[in-house]
>>> print(open('input-v4.cif').read())   # mmCIF, C-alpha atoms
data_final
loop_
_atom_site.group_PDB
_atom_site.id
_atom_site.type_symbol
_atom_site.label_atom_id
_atom_site.label_comp_id
_atom_site.auth_asym_id
_atom_site.auth_seq_id
_atom_site.Cartn_x
_atom_site.Cartn_y
_atom_site.Cartn_z
ATOM 1 C CA MET A 1 3.767 29.715 -26.714
ATOM 2 C CA HIS A 2 2.213 27.705 -23.875
ATOM 3 C CA ASN A 3 -0.106 24.796 -24.418
ATOM 4 C CA HIS A 4 -1.372 22.614 -21.594
ATOM 5 C CA SER A 5 -2.413 19.149 -22.697
ATOM 6 C CA HIS A 6 -3.987 16.451 -20.594
ATOM 7 C CA ALA A 7 -4.367 12.778 -21.295
ATOM 8 C CA HIS A 8 -5.909 9.957 -19.303
ATOM 9 C CA HIS A 9 -5.401 6.242 -19.534
ATOM 10 C CA HIS A 10 -7.182 3.805 -17.305
ATOM 11 C CA HIS A 11 -6.156 0.169 -17.293
ATOM 12 C CA HIS A 12 -6.196 -0.633 -13.573
ATOM 13 C CA HIS A 13 -9.089 -1.575 -11.388
ATOM 14 C CA GLY A 14 -9.318 -0.412 -7.795
ATOM 15 C CA VAL A 15 -11.754 -1.727 -5.250
ATOM 16 C CA GLU A 16 -14.772 -1.712 -7.543
ATOM 17 C CA GLY A 17 -16.348 -5.134 -7.496
ATOM 18 C CA ILE A 18 -15.118 -6.124 -4.033
ATOM 19 C CA PRO A 19 -18.185 -7.449 -2.204
ATOM 20 C CA LYS A 20 -18.530 -5.220 0.868
ATOM 21 C CA SER A 21 -20.933 -7.711 2.481
ATOM 22 C CA ARG A 22 -18.151 -10.326 2.381
ATOM 23 C CA LEU A 23 -15.743 -7.959 4.111
ATOM 24 C CA LEU A 24 -18.392 -7.063 6.706
ATOM 25 C CA PHE A 25 -18.954 -10.760 7.472
ATOM 26 C CA VAL A 26 -15.198 -11.297 7.962
ATOM 27 C CA ILE A 27 -15.069 -8.256 10.297
ATOM 28 C CA LEU A 28 -17.860 -9.596 12.524
ATOM 29 C CA MET A 29 -16.375 -13.096 12.593
ATOM 30 C CA ASN A 30 -12.922 -11.801 13.547
ATOM 31 C CA PHE A 31 -14.281 -9.562 16.272
ATOM 32 C CA THR A 32 -15.994 -12.606 17.806
ATOM 33 C CA ILE A 33 -12.728 -14.607 17.699
ATOM 34 C CA THR A 34 -10.844 -11.708 19.304
ATOM 35 C CA VAL A 35 -13.184 -11.665 22.299
ATOM 36 C CA ALA A 36 -12.960 -15.462 22.622
ATOM 37 C CA GLU A 37 -9.139 -15.429 22.468
ATOM 38 C CA VAL A 38 -8.788 -12.598 24.995
ATOM 39 C CA VAL A 39 -10.965 -14.519 27.482
ATOM 40 C CA GLY A 40 -9.198 -17.815 26.634
ATOM 41 C CA GLY A 41 -5.742 -16.216 26.908
ATOM 42 C CA LEU A 42 -6.496 -14.701 30.317
ATOM 43 C CA LEU A 43 -8.011 -17.906 31.675
ATOM 44 C CA SER A 44 -5.270 -20.200 30.329
ATOM 45 C CA GLY A 45 -2.345 -17.860 31.057
ATOM 46 C CA SER A 46 -1.083 -18.187 27.467
ATOM 47 C CA LEU A 47 0.777 -15.148 26.098
ATOM 48 C CA ALA A 48 0.765 -16.741 22.633
ATOM 49 C CA LEU A 49 -3.028 -16.907 22.716
ATOM 50 C CA LEU A 50 -3.232 -13.298 23.914
ATOM 51 C CA SER A 51 -0.789 -12.280 21.157
ATOM 52 C CA ASP A 52 -3.033 -14.077 18.683
ATOM 53 C CA ALA A 53 -5.982 -12.145 20.143
ATOM 54 C CA ILE A 54 -4.125 -8.817 19.791
ATOM 55 C CA HIS A 55 -3.215 -9.809 16.246
ATOM 56 C CA ASN A 56 -6.860 -10.656 15.625
ATOM 57 C CA LEU A 57 -7.977 -7.335 17.108
ATOM 58 C CA SER A 58 -5.580 -5.548 14.764
ATOM 59 C CA ASP A 59 -7.056 -7.635 11.912
ATOM 60 C CA THR A 60 -10.523 -6.475 12.858
ATOM 61 C CA MET A 61 -9.439 -2.840 13.120
ATOM 62 C CA ALA A 62 -7.606 -3.143 9.794
ATOM 63 C CA MET A 63 -10.693 -4.464 8.076
ATOM 64 C CA VAL A 64 -12.959 -1.821 9.620
ATOM 65 C CA ILE A 65 -10.554 0.836 8.289
ATOM 66 C CA SER A 66 -10.434 -0.984 4.920
ATOM 67 C CA TYR A 67 -14.217 -1.148 4.786
ATOM 68 C CA LEU A 68 -14.590 2.571 5.562
ATOM 69 C CA ALA A 69 -11.797 3.412 3.100
ATOM 70 C CA ILE A 70 -13.554 1.494 0.325
ATOM 71 C CA LEU A 71 -16.775 3.424 1.002
ATOM 72 C CA ILE A 72 -14.892 6.761 1.112
ATOM 73 C CA SER A 73 -12.766 6.014 -1.967
ATOM 74 C CA GLN A 74 -15.875 5.467 -4.093
ATOM 75 C CA LYS A 75 -17.237 8.944 -3.364
ATOM 76 C CA PRO A 76 -17.265 11.159 -6.470
ATOM 77 C CA ARG A 77 -14.781 13.985 -6.973
ATOM 78 C CA ASN A 78 -15.769 17.469 -5.909
ATOM 79 C CA GLU A 79 -14.376 21.006 -6.005
ATOM 80 C CA ARG A 80 -12.321 20.431 -2.849
ATOM 81 C CA LYS A 81 -11.213 16.877 -3.725
ATOM 82 C CA THR A 82 -10.501 17.146 -7.449
ATOM 83 C CA TYR A 83 -8.502 13.913 -7.351
ATOM 84 C CA GLY A 84 -11.351 12.115 -5.611
ATOM 85 C CA TYR A 85 -11.009 9.966 -2.483
ATOM 86 C CA LYS A 86 -9.111 6.912 -3.698
ATOM 87 C CA ARG A 87 -6.086 7.730 -1.547
ATOM 88 C CA ALA A 88 -8.216 7.015 1.525
ATOM 89 C CA GLN A 89 -7.232 3.390 0.909
ATOM 90 C CA THR A 90 -3.520 4.215 0.901
ATOM 91 C CA LEU A 91 -3.957 6.118 4.152
ATOM 92 C CA ALA A 92 -5.797 3.116 5.623
ATOM 93 C CA ALA A 93 -2.974 0.779 4.548
ATOM 94 C CA PHE A 94 -0.416 3.107 6.168
ATOM 95 C CA ILE A 95 -2.359 3.274 9.475
ATOM 96 C CA ASN A 96 -2.857 -0.506 9.522
ATOM 97 C CA SER A 97 0.781 -1.341 8.862
ATOM 98 C CA ALA A 98 2.114 1.274 11.308
ATOM 99 C CA PHE A 99 -0.200 -0.102 14.016
ATOM 100 C CA LEU A 100 0.961 -3.647 13.309
ATOM 101 C CA PHE A 101 4.588 -2.567 13.611
ATOM 102 C CA LEU A 102 3.963 -1.180 17.095
ATOM 103 C CA ILE A 103 2.000 -4.283 18.137
ATOM 104 C CA SER A 104 4.818 -6.531 16.932
ATOM 105 C CA PHE A 105 7.501 -4.758 18.965
ATOM 106 C CA TYR A 106 5.255 -4.905 22.049
ATOM 107 C CA LEU A 107 4.763 -8.665 21.604
ATOM 108 C CA ILE A 108 8.532 -9.198 21.265
ATOM 109 C CA TYR A 109 9.067 -7.253 24.513
ATOM 110 C CA GLU A 110 6.405 -9.298 26.334
ATOM 111 C CA SER A 111 7.773 -12.608 25.062
ATOM 112 C CA ILE A 112 11.271 -11.697 26.341
ATOM 113 C CA GLN A 113 9.703 -11.027 29.767
ATOM 114 C CA ARG A 114 8.063 -14.476 29.646
ATOM 115 C CA PHE A 115 11.373 -16.153 28.818
ATOM 116 C CA ILE A 116 12.818 -14.556 31.950
ATOM 117 C CA HIS A 117 9.738 -15.242 34.112
ATOM 118 C CA PRO A 118 7.901 -18.329 32.739
ATOM 119 C CA GLU A 119 4.345 -18.974 33.926
ATOM 120 C CA PRO A 120 2.241 -22.165 33.951
ATOM 121 C CA ILE A 121 -0.322 -22.476 31.150
ATOM 122 C CA ARG A 122 -3.614 -24.380 30.807
ATOM 123 C CA SER A 123 -2.793 -26.023 27.498
ATOM 124 C CA GLY A 124 -6.187 -27.672 26.899
ATOM 125 C CA LEU A 125 -8.052 -24.366 26.872
ATOM 126 C CA MET A 126 -5.260 -22.786 24.832
ATOM 127 C CA ILE A 127 -5.541 -25.488 22.116
ATOM 128 C CA THR A 128 -9.360 -25.350 21.997
ATOM 129 C CA VAL A 129 -9.603 -21.564 21.587
ATOM 130 C CA ALA A 130 -6.726 -21.442 19.089
ATOM 131 C CA THR A 131 -8.384 -24.145 16.956
ATOM 132 C CA ILE A 132 -11.622 -22.137 16.780
ATOM 133 C CA GLY A 133 -9.539 -19.091 15.807
ATOM 134 C CA LEU A 134 -7.696 -21.079 13.123
ATOM 135 C CA LEU A 135 -10.921 -22.271 11.475
ATOM 136 C CA ALA A 136 -12.458 -18.791 11.439
ATOM 137 C CA ASN A 137 -9.257 -17.212 10.097
ATOM 138 C CA PHE A 138 -8.960 -19.856 7.390
ATOM 139 C CA VAL A 139 -12.515 -19.114 6.213
ATOM 140 C CA SER A 140 -11.726 -15.357 6.227
ATOM 141 C CA VAL A 141 -8.575 -15.872 4.143
ATOM 142 C CA LEU A 142 -10.511 -17.884 1.557
ATOM 143 C CA LEU A 143 -13.214 -15.186 1.359
ATOM 144 C CA LEU A 144 -10.719 -12.371 0.708
ATOM 145 C CA HIS A 145 -8.045 -14.193 -1.315
ATOM 146 C CA THR A 146 -9.459 -13.419 -4.778
ATOM 147 C CA HIS A 147 -9.741 -9.686 -4.090
ATOM 148 C CA SER A 148 -6.446 -9.240 -2.205
ATOM 149 C CA LYS A 149 -4.567 -8.422 -5.426
ATOM 150 C CA GLN A 150 -6.851 -5.507 -6.327
ATOM 151 C CA SER A 151 -5.699 -2.897 -3.823
ATOM 152 C CA LEU A 152 -2.943 -2.226 -1.318
ATOM 153 C CA ASN A 153 -5.582 -1.506 1.295
ATOM 154 C CA LEU A 154 -7.346 -4.852 0.928
ATOM 155 C CA ARG A 155 -4.020 -6.664 0.606
ATOM 156 C CA SER A 156 -3.016 -5.297 4.017
ATOM 157 C CA SER A 157 -6.195 -6.764 5.545
ATOM 158 C CA TYR A 158 -5.627 -10.044 3.733
ATOM 159 C CA LEU A 159 -2.063 -10.253 5.070
ATOM 160 C CA HIS A 160 -3.344 -9.565 8.591
ATOM 161 C CA LEU A 161 -5.618 -12.594 8.233
ATOM 162 C CA LEU A 162 -3.034 -14.812 6.573
ATOM 163 C CA GLY A 163 -0.548 -14.008 9.330
ATOM 164 C CA ASP A 164 -3.155 -14.754 11.973
ATOM 165 C CA THR A 165 -4.006 -18.087 10.358
ATOM 166 C CA ILE A 166 -0.336 -19.073 10.456
ATOM 167 C CA SER A 167 0.022 -17.797 14.028
ATOM 168 C CA SER A 168 -3.012 -19.860 15.114
ATOM 169 C CA VAL A 169 -1.241 -22.973 13.809
ATOM 170 C CA GLY A 170 1.799 -21.943 15.882
ATOM 171 C CA VAL A 171 -0.335 -21.439 18.993
ATOM 172 C CA ILE A 172 -1.947 -24.874 18.563
ATOM 173 C CA ALA A 173 1.466 -26.541 18.053
ATOM 174 C CA GLY A 174 2.777 -24.707 21.118
ATOM 175 C CA GLY A 175 -0.251 -25.792 23.140
ATOM 176 C CA VAL A 176 0.286 -29.438 22.166
ATOM 177 C CA ALA A 177 4.005 -29.238 23.129
ATOM 178 C CA ILE A 178 3.105 -27.664 26.480
ATOM 179 C CA HIS A 179 0.418 -30.303 27.091
ATOM 180 C CA ILE A 180 2.746 -33.246 26.356
ATOM 181 C CA TRP A 181 6.158 -32.063 27.579
ATOM 182 C CA LYS A 182 5.295 -29.142 29.911
ATOM 183 C CA ILE A 183 7.861 -26.896 28.170
ATOM 184 C CA TYR A 184 6.386 -23.482 28.868
ATOM 185 C CA TRP A 185 9.073 -21.514 26.982
ATOM 186 C CA ILE A 186 7.369 -22.666 23.766
ATOM 187 C CA ASP A 187 4.636 -20.075 24.473
ATOM 188 C CA PRO A 188 6.860 -16.950 24.328
ATOM 189 C CA LEU A 189 8.826 -18.508 21.435
ATOM 190 C CA VAL A 190 5.636 -18.832 19.373
ATOM 191 C CA THR A 191 4.726 -15.267 20.375
ATOM 192 C CA MET A 192 8.082 -13.960 19.131
ATOM 193 C CA LEU A 193 7.811 -15.868 15.839
ATOM 194 C CA ILE A 194 4.319 -14.419 15.287
ATOM 195 C CA ALA A 195 5.636 -10.901 15.920
ATOM 196 C CA LEU A 196 8.614 -11.347 13.552
ATOM 197 C CA TYR A 197 6.309 -12.707 10.849
ATOM 198 C CA ILE A 198 4.006 -9.683 11.207
ATOM 199 C CA LEU A 199 7.002 -7.315 10.874
ATOM 200 C CA LYS A 200 8.211 -9.059 7.718
ATOM 201 C CA GLU A 201 4.810 -9.061 6.013
ATOM 202 C CA THR A 202 3.988 -5.493 7.028
ATOM 203 C CA TRP A 203 7.211 -3.824 5.886
ATOM 204 C CA HIS A 204 6.328 -3.793 2.151
ATOM 205 C CA ILE A 205 2.893 -2.266 2.779
ATOM 206 C CA LEU A 206 4.305 0.388 5.113
ATOM 207 C CA LYS A 207 7.008 1.312 2.590
ATOM 208 C CA THR A 208 4.673 1.396 -0.437
ATOM 209 C CA SER A 209 1.938 3.383 1.322
ATOM 210 C CA THR A 210 4.541 5.873 2.582
ATOM 211 C CA ASP A 211 5.923 6.247 -0.952
ATOM 212 C CA VAL A 212 2.431 6.958 -2.318
ATOM 213 C CA LEU A 213 1.623 9.494 0.416
ATOM 214 C CA MET A 214 4.998 11.201 -0.163
ATOM 215 C CA GLN A 215 4.258 11.342 -3.921
ATOM 216 C CA THR A 216 7.364 9.297 -4.682
ATOM 217 C CA SER A 217 8.137 8.469 -8.307
ATOM 218 C CA PRO A 218 7.567 4.856 -9.377
ATOM 219 C CA GLN A 219 10.609 2.850 -10.510
ATOM 220 C CA ILE A 220 11.206 4.634 -13.826
ATOM 221 C CA ASP A 221 14.502 5.496 -15.564
ATOM 222 C CA LEU A 222 14.155 9.260 -16.080
ATOM 223 C CA ASN A 223 17.167 9.448 -18.385
ATOM 224 C CA GLU A 224 15.697 6.747 -20.620
ATOM 225 C CA MET A 225 12.395 8.637 -20.642
ATOM 226 C CA GLN A 226 14.108 11.915 -21.512
ATOM 227 C CA GLN A 227 16.017 10.253 -24.339
ATOM 228 C CA ALA A 228 12.852 8.641 -25.748
ATOM 229 C CA ILE A 229 10.986 11.989 -25.849
ATOM 230 C CA GLU A 230 13.911 14.095 -27.112
ATOM 231 C CA GLU A 231 14.469 11.657 -30.003
ATOM 232 C CA LEU A 232 11.168 12.866 -31.481
ATOM 233 C CA ASP A 233 11.301 15.395 -34.315
ATOM 234 C CA GLN A 234 10.505 18.954 -33.196
ATOM 235 C CA VAL A 235 11.271 18.238 -29.514
ATOM 236 C CA GLN A 236 14.279 20.229 -28.287
ATOM 237 C CA SER A 237 14.090 19.348 -24.605
ATOM 238 C CA PHE A 238 11.994 17.468 -22.076
ATOM 239 C CA HIS A 239 12.292 19.071 -18.644
ATOM 240 C CA HIS A 240 10.633 20.214 -15.377
ATOM 241 C CA VAL A 241 9.311 16.664 -14.920
ATOM 242 C CA HIS A 242 7.188 15.592 -11.966
ATOM 243 C CA ILE A 243 6.173 11.939 -11.671
ATOM 244 C CA TRP A 244 4.231 10.545 -8.754
ATOM 245 C CA MET A 245 2.127 7.597 -7.681
ATOM 246 C CA TYR A 246 -1.496 8.526 -7.086
ATOM 247 C CA ASP A 247 -2.017 5.087 -5.588
ATOM 248 C CA GLU A 248 -0.094 1.831 -5.962
ATOM 249 C CA ASN A 249 -1.430 1.425 -9.521
ATOM 250 C CA LEU A 250 -1.921 4.897 -11.040
ATOM 251 C CA HIS A 251 1.090 6.962 -12.145
ATOM 252 C CA TYR A 252 0.880 10.669 -13.007
ATOM 253 C CA LEU A 253 3.315 12.862 -14.931
ATOM 254 C CA GLU A 254 3.585 16.545 -15.729
ATOM 255 C CA ALA A 255 6.397 18.050 -17.806
ATOM 256 C CA HIS A 256 7.516 20.956 -19.977
ATOM 257 C CA ILE A 257 8.326 20.232 -23.635
ATOM 258 C CA ASP A 258 10.522 22.743 -25.460
ATOM 259 C CA VAL A 259 9.701 22.537 -29.170
ATOM 260 C CA GLU A 260 10.847 24.194 -32.396
ATOM 261 C CA ASP A 261 8.737 27.151 -33.515
ATOM 262 C CA MET A 262 5.361 25.685 -34.404
ATOM 263 C CA MET A 263 1.724 26.637 -34.305
ATOM 264 C CA LEU A 264 -0.326 25.739 -31.232
ATOM 265 C CA SER A 265 -2.581 23.524 -33.379
ATOM 266 C CA GLU A 266 0.463 21.580 -34.578
ATOM 267 C CA THR A 267 1.312 20.380 -31.070
ATOM 268 C CA THR A 268 -1.718 18.047 -30.899
ATOM 269 C CA ALA A 269 -0.169 15.278 -33.016
ATOM 270 C CA LEU A 270 3.141 15.618 -31.138
ATOM 271 C CA LYS A 271 1.342 15.497 -27.793
ATOM 272 C CA ASP A 272 -0.454 12.278 -28.818
ATOM 273 C CA ARG A 273 2.875 10.635 -29.731
ATOM 274 C CA ILE A 274 4.470 11.667 -26.437
ATOM 275 C CA VAL A 275 1.473 10.476 -24.403
ATOM 276 C CA SER A 276 1.539 7.150 -26.247
ATOM 277 C CA ILE A 277 5.267 6.640 -25.540
ATOM 278 C CA LEU A 278 4.836 7.567 -21.858
ATOM 279 C CA HIS A 279 1.894 5.203 -21.469
ATOM 280 C CA GLU A 280 3.210 2.192 -23.354
ATOM 281 C CA ARG A 281 6.896 2.301 -22.383
ATOM 282 C CA PHE A 282 6.754 3.865 -18.926
ATOM 283 C CA ASN A 283 3.286 2.948 -17.601
ATOM 284 C CA ILE A 284 2.150 6.568 -17.119
ATOM 285 C CA ASP A 285 -1.650 6.771 -16.766
ATOM 286 C CA HIS A 286 -2.274 10.522 -16.654
ATOM 287 C CA THR A 287 -0.127 13.080 -18.471
ATOM 288 C CA THR A 288 -0.067 16.886 -18.332
ATOM 289 C CA LEU A 289 2.258 18.559 -20.847
ATOM 290 C CA GLN A 290 3.181 22.212 -21.230
ATOM 291 C CA PHE A 291 4.643 23.109 -24.630
ATOM 292 C CA GLU A 292 7.104 26.007 -24.892
ATOM 293 C CA THR A 293 9.346 27.589 -27.511
ATOM 294 C CA GLY A 294 12.479 29.677 -27.270
ATOM 295 C CA THR A 295 13.934 28.250 -24.054
ATOM 296 C CA LYS A 296 17.234 27.360 -25.810
ATOM 297 C CA CYS A 297 19.097 26.498 -22.615
ATOM 298 C CA GLY A 298 20.736 23.459 -21.165
ATOM 299 C CA THR A 299 17.870 21.928 -19.266
ATOM 300 C CA SER A 300 17.622 19.676 -16.245
ATOM 301 C CA ILE A 301 15.015 16.959 -16.426
ATOM 302 C CA ILE A 302 13.760 17.697 -12.889
ATOM 303 C CA ALA A 303 14.350 21.425 -12.312
ATOM 304 C CA GLU A 304 12.418 24.094 -14.142
ATOM 305 C CA VAL A 305 14.647 26.211 -16.360
ATOM 306 C CA ARG A 306 14.074 29.960 -16.595
ATOM 307 C CA CYS A 307 15.856 31.899 -19.301
ATOM 308 C CA GLU A 308 16.181 35.633 -19.333
ATOM 309 C CA ASN A 309 18.444 37.494 -21.766
ATOM 310 C CA ASP A 310 19.924 34.148 -22.902
ATOM 311 C CA HIS A 311 21.162 33.346 -19.389
ATOM 312 C CA CYS A 312 19.918 30.255 -17.590
ATOM 313 C CA GLN A 313 18.675 30.815 -14.055
#
>>> encode(input="input-v4.cif", output="structure tokens")
Amino acid sequence: MHNHSHAHHHHHHGVEGIPKSRLLFVILMNFTITVAEVVGGLLSGSLALLSDAIHNLSDTMAMVISYLAILISQKPRNERKTYGYKRAQTLAAFINSAFLFLISFYLIYESIQRFIHPEPIRSGLMITVATIGLLANFVSVLLLHTHSKQSLNLRSSYLHLLGDTISSVGVIAGGVAIHIWKIYWIDPLVTMLIALYILKETWHILKTSTDVLMQTSPQIDLNEMQQAIEELDQVQSFHHVHIWMYDENLHYLEAHIDVEDMMLSETTALKDRIVSILHERFNIDHTTLQFETGTKCGTSIIAEVRCENDHCQ
């Protein structure tokens, strides 16, 4: 007997409700700052200001990708994309964080070069441009703060901005120190601190987005799950389990349930109990169950068990 059962639970909210006009405004504002900081960095000779500009450019790119991903993720499902497009956001978060990683290592390399070969810096221009950048970044952070908890994609953009706000403070402090004491090594030091901060903040997003794209299981105790299901009357074994993250919020499961001899119609009540346990105790949002009888073999929770002539394959 084979019976495929499906169940859905939805208790998470994705990017619905995020004002796209707000994100678009932040994108335009950050692009303007980037241009100003590139010009200011080149004119003043400040690597820290240029690193802030590169960081800002990556912010702008991140938000453009986020904006496009939000639009794509809200497209309806179709015959080719039966899961829909929501993973576009995870892909965007992965691209953003990977790009930031590369940028950070480049900035560390450049700052080491500056330590070895220091250059004079026009601190006044550096402070002025960095202050404009700080104000614009601060406004951007406030605009996105409320929505940053709703999706990994938007959180990556928010962290870009938060990091850039902090780095602008560092650039200003560095500019003041250079202006007063003429200690030019402050500039590459600030650059290196910015880069290390970006690496720290980006690591979680890179890891989580990679886990989602690799269909990694969420943090669930499979043995505890197996025990909870096999404690039910009529269930002989719970096996051939696949659990994966569809995005950072939604968790999917499919499994085979070996039951005592029972009619197909009798599995409905059992299925509902199993789905309820999986949802409430293990945070599973979508469940696909295949009921079987007559397996009668020692079963592995992950591997599928095939039995022929009472021998397990």
>>> resolve_selection(input="input-v4.cif", expression="the PyMOL selection byres ((chain A and resi 276) around 12)", output="list of chain:residue names")
A:Ala7, A:His8, A:His9, A:Ala228, A:Ile229, A:Ala269, A:Leu270, A:Lys271, A:Asp272, A:Arg273, A:Ile274, A:Val275, A:Ile277, A:Leu278, A:His279, A:Glu280, A:Arg281, A:Phe282, A:Asn283, A:Ile284, A:Asp285, A:His286, A:Thr287
>>> write_last_selection(input="input-v4.cif", atoms="C-alpha atoms", output="PDB file, keeping the file's coordinate frame")
ATOM      1  CA  ALA A   7      -4.367  12.778 -21.295  1.00  0.00           C
ATOM      2  CA  HIS A   8      -5.909   9.957 -19.303  1.00  0.00           C
ATOM      3  CA  HIS A   9      -5.401   6.242 -19.534  1.00  0.00           C
ATOM      4  CA  ALA A 228      12.852   8.641 -25.748  1.00  0.00           C
ATOM      5  CA  ILE A 229      10.986  11.989 -25.849  1.00  0.00           C
ATOM      6  CA  ALA A 269      -0.169  15.278 -33.016  1.00  0.00           C
ATOM      7  CA  LEU A 270       3.141  15.618 -31.138  1.00  0.00           C
ATOM      8  CA  LYS A 271       1.342  15.497 -27.793  1.00  0.00           C
ATOM      9  CA  ASP A 272      -0.454  12.278 -28.818  1.00  0.00           C
ATOM     10  CA  ARG A 273       2.875  10.635 -29.731  1.00  0.00           C
ATOM     11  CA  ILE A 274       4.470  11.667 -26.437  1.00  0.00           C
ATOM     12  CA  VAL A 275       1.473  10.476 -24.403  1.00  0.00           C
ATOM     13  CA  ILE A 277       5.267   6.640 -25.540  1.00  0.00           C
ATOM     14  CA  LEU A 278       4.836   7.567 -21.858  1.00  0.00           C
ATOM     15  CA  HIS A 279       1.894   5.203 -21.469  1.00  0.00           C
ATOM     16  CA  GLU A 280       3.210   2.192 -23.354  1.00  0.00           C
ATOM     17  CA  ARG A 281       6.896   2.301 -22.383  1.00  0.00           C
ATOM     18  CA  PHE A 282       6.754   3.865 -18.926  1.00  0.00           C
ATOM     19  CA  ASN A 283       3.286   2.948 -17.601  1.00  0.00           C
ATOM     20  CA  ILE A 284       2.150   6.568 -17.119  1.00  0.00           C
ATOM     21  CA  ASP A 285      -1.650   6.771 -16.766  1.00  0.00           C
ATOM     22  CA  HIS A 286      -2.274  10.522 -16.654  1.00  0.00           C
ATOM     23  CA  THR A 287      -0.127  13.080 -18.471  1.00  0.00           C
TER      24      THR A 287
END
>>> resolve_selection(input="input-v4.cif", expression="the PyMOL selection byres ((chain A and resi 243-257) around 6)", output="list in words")
Val212, Gln215, Thr216, Ser217, Ser237, Phe238, His239, His240, Val241, His242, Asp258, Ile284, Asp285, His286, Thr287, Thr288, Leu289, Gln290 and Phe291 of chain A
>>> residues_around(input="input-v4.cif", residues="Val139 of chain A", least_positions_apart="4", cutoff="12 Å", atoms="all atoms listed in the file", output="VMD selection string")
chain A and resid 22 to 23 25 to 27 29 to 30 132 to 135 143 to 145 158 161 to 162 164 to 165
>>> atom_distance(input="input-v4.cif", atom1="atom CA of Pro120 of chain A", atom2="atom CA of Met192 of chain A")
17.9 Å
>>> resolve_selection(input="input-v4.cif", expression="the PyMOL selection byres ((chain A and resi 71) around 10)", output="ChimeraX atom specification")
/A:15,20,65-70,72-75,85-86,88-89
>>> write_last_selection(input="input-v4.cif", atoms="C-alpha atoms", output="PDB file, keeping the file's coordinate frame")
ATOM      1  CA  VAL A  15     -11.754  -1.727  -5.250  1.00  0.00           C
ATOM      2  CA  LYS A  20     -18.530  -5.220   0.868  1.00  0.00           C
ATOM      3  CA  ILE A  65     -10.554   0.836   8.289  1.00  0.00           C
ATOM      4  CA  SER A  66     -10.434  -0.984   4.920  1.00  0.00           C
ATOM      5  CA  TYR A  67     -14.217  -1.148   4.786  1.00  0.00           C
ATOM      6  CA  LEU A  68     -14.590   2.571   5.562  1.00  0.00           C
ATOM      7  CA  ALA A  69     -11.797   3.412   3.100  1.00  0.00           C
ATOM      8  CA  ILE A  70     -13.554   1.494   0.325  1.00  0.00           C
ATOM      9  CA  ILE A  72     -14.892   6.761   1.112  1.00  0.00           C
ATOM     10  CA  SER A  73     -12.766   6.014  -1.967  1.00  0.00           C
ATOM     11  CA  GLN A  74     -15.875   5.467  -4.093  1.00  0.00           C
ATOM     12  CA  LYS A  75     -17.237   8.944  -3.364  1.00  0.00           C
ATOM     13  CA  TYR A  85     -11.009   9.966  -2.483  1.00  0.00           C
ATOM     14  CA  LYS A  86      -9.111   6.912  -3.698  1.00  0.00           C
ATOM     15  CA  ALA A  88      -8.216   7.015   1.525  1.00  0.00           C
ATOM     16  CA  GLN A  89      -7.232   3.390   0.909  1.00  0.00           C
TER      17      GLN A  89
END
>>> residues_around(input="input-v4.cif", residues="Val39 of chain A", least_positions_apart="3", cutoff="10 Å", atoms="only C-alpha atoms", output="list in words")
Ile33, Thr34, Val35, Ala36, Leu42, Leu43, Ser44, Gly45, Leu49, Leu50, Ala53 and Val129 of chain A
>>> atom_distance(input="input-v4.cif", atom1="atom CA of Gly174 of chain A", atom2="atom CA of Leu142 of chain A")
24.6 Å
>>> atom_distance(input="input-v4.cif", atom1="atom CA of Val38 of chain A", atom2="atom CA of Ile166 of chain A")
18.0 Å
>>> residues_around(input="input-v4.cif", residues="Ser104 of chain A", least_positions_apart="5", cutoff="9 Å", atoms="only C-alpha atoms", output="PyMOL selection string")
chain A and resi 55+99+109+192+194-199
>>> write_last_selection(input="input-v4.cif", atoms="C-alpha atoms", output="compact mmCIF listing (two decimals), in the frame of the given file")
# COMPACT_ATOMS: atom_id res chain seq x y z
CA HIS A 55 -3.22 -9.81 16.25
CA PHE A 99 -0.20 -0.10 14.02
CA TYR A 109 9.07 -7.25 24.51
CA MET A 192 8.08 -13.96 19.13
CA ILE A 194 4.32 -14.42 15.29
CA ALA A 195 5.64 -10.90 15.92
CA LEU A 196 8.61 -11.35 13.55
CA TYR A 197 6.31 -12.71 10.85
CA ILE A 198 4.01 -9.68 11.21
CA LEU A 199 7.00 -7.32 10.87
>>> closest_residue(input="input-v4.cif", among="A:Ile178, A:Ile183, A:Leu91, A:Ile172", to="Met214 of chain A", atoms="all atoms listed in the file")
A:Leu91
>>> residues_near_point(input="input-v4.cif", point="(-5.6, -6.7, 10.0)", cutoff="9 Å", atoms="all atoms listed in the file", output="PyMOL selection string")
chain A and resi 55-64+96-97+100+156-161+163-164
>>> residues_around(input="input-v4.cif", residues="Val190 of chain A", least_positions_apart="4", cutoff="9 Å", atoms="all atoms listed in the file", output="list of chain:residue names")
A:Ala48, A:Ser111, A:Ser167, A:Gly170, A:Val171, A:Ala173, A:Gly174, A:Trp185, A:Ile186, A:Ile194, A:Ala195
>>> axis_aligned_box(input="input-v4.cif", around="segment 257-274 of chain A", padding_each_side="8 Å", output="lines of an AutoDock Vina configuration file")
center_x = 4.1
center_y = 18.9
center_z = -29.1
size_x = 29.4
size_y = 32.5
size_z = 26.9
>>> closest_residue(input="input-v4.cif", among="A:His179, A:Arg87, A:His117, A:Arg155", to="Thr210 of chain A", atoms="all atoms listed in the file")
A:Arg87
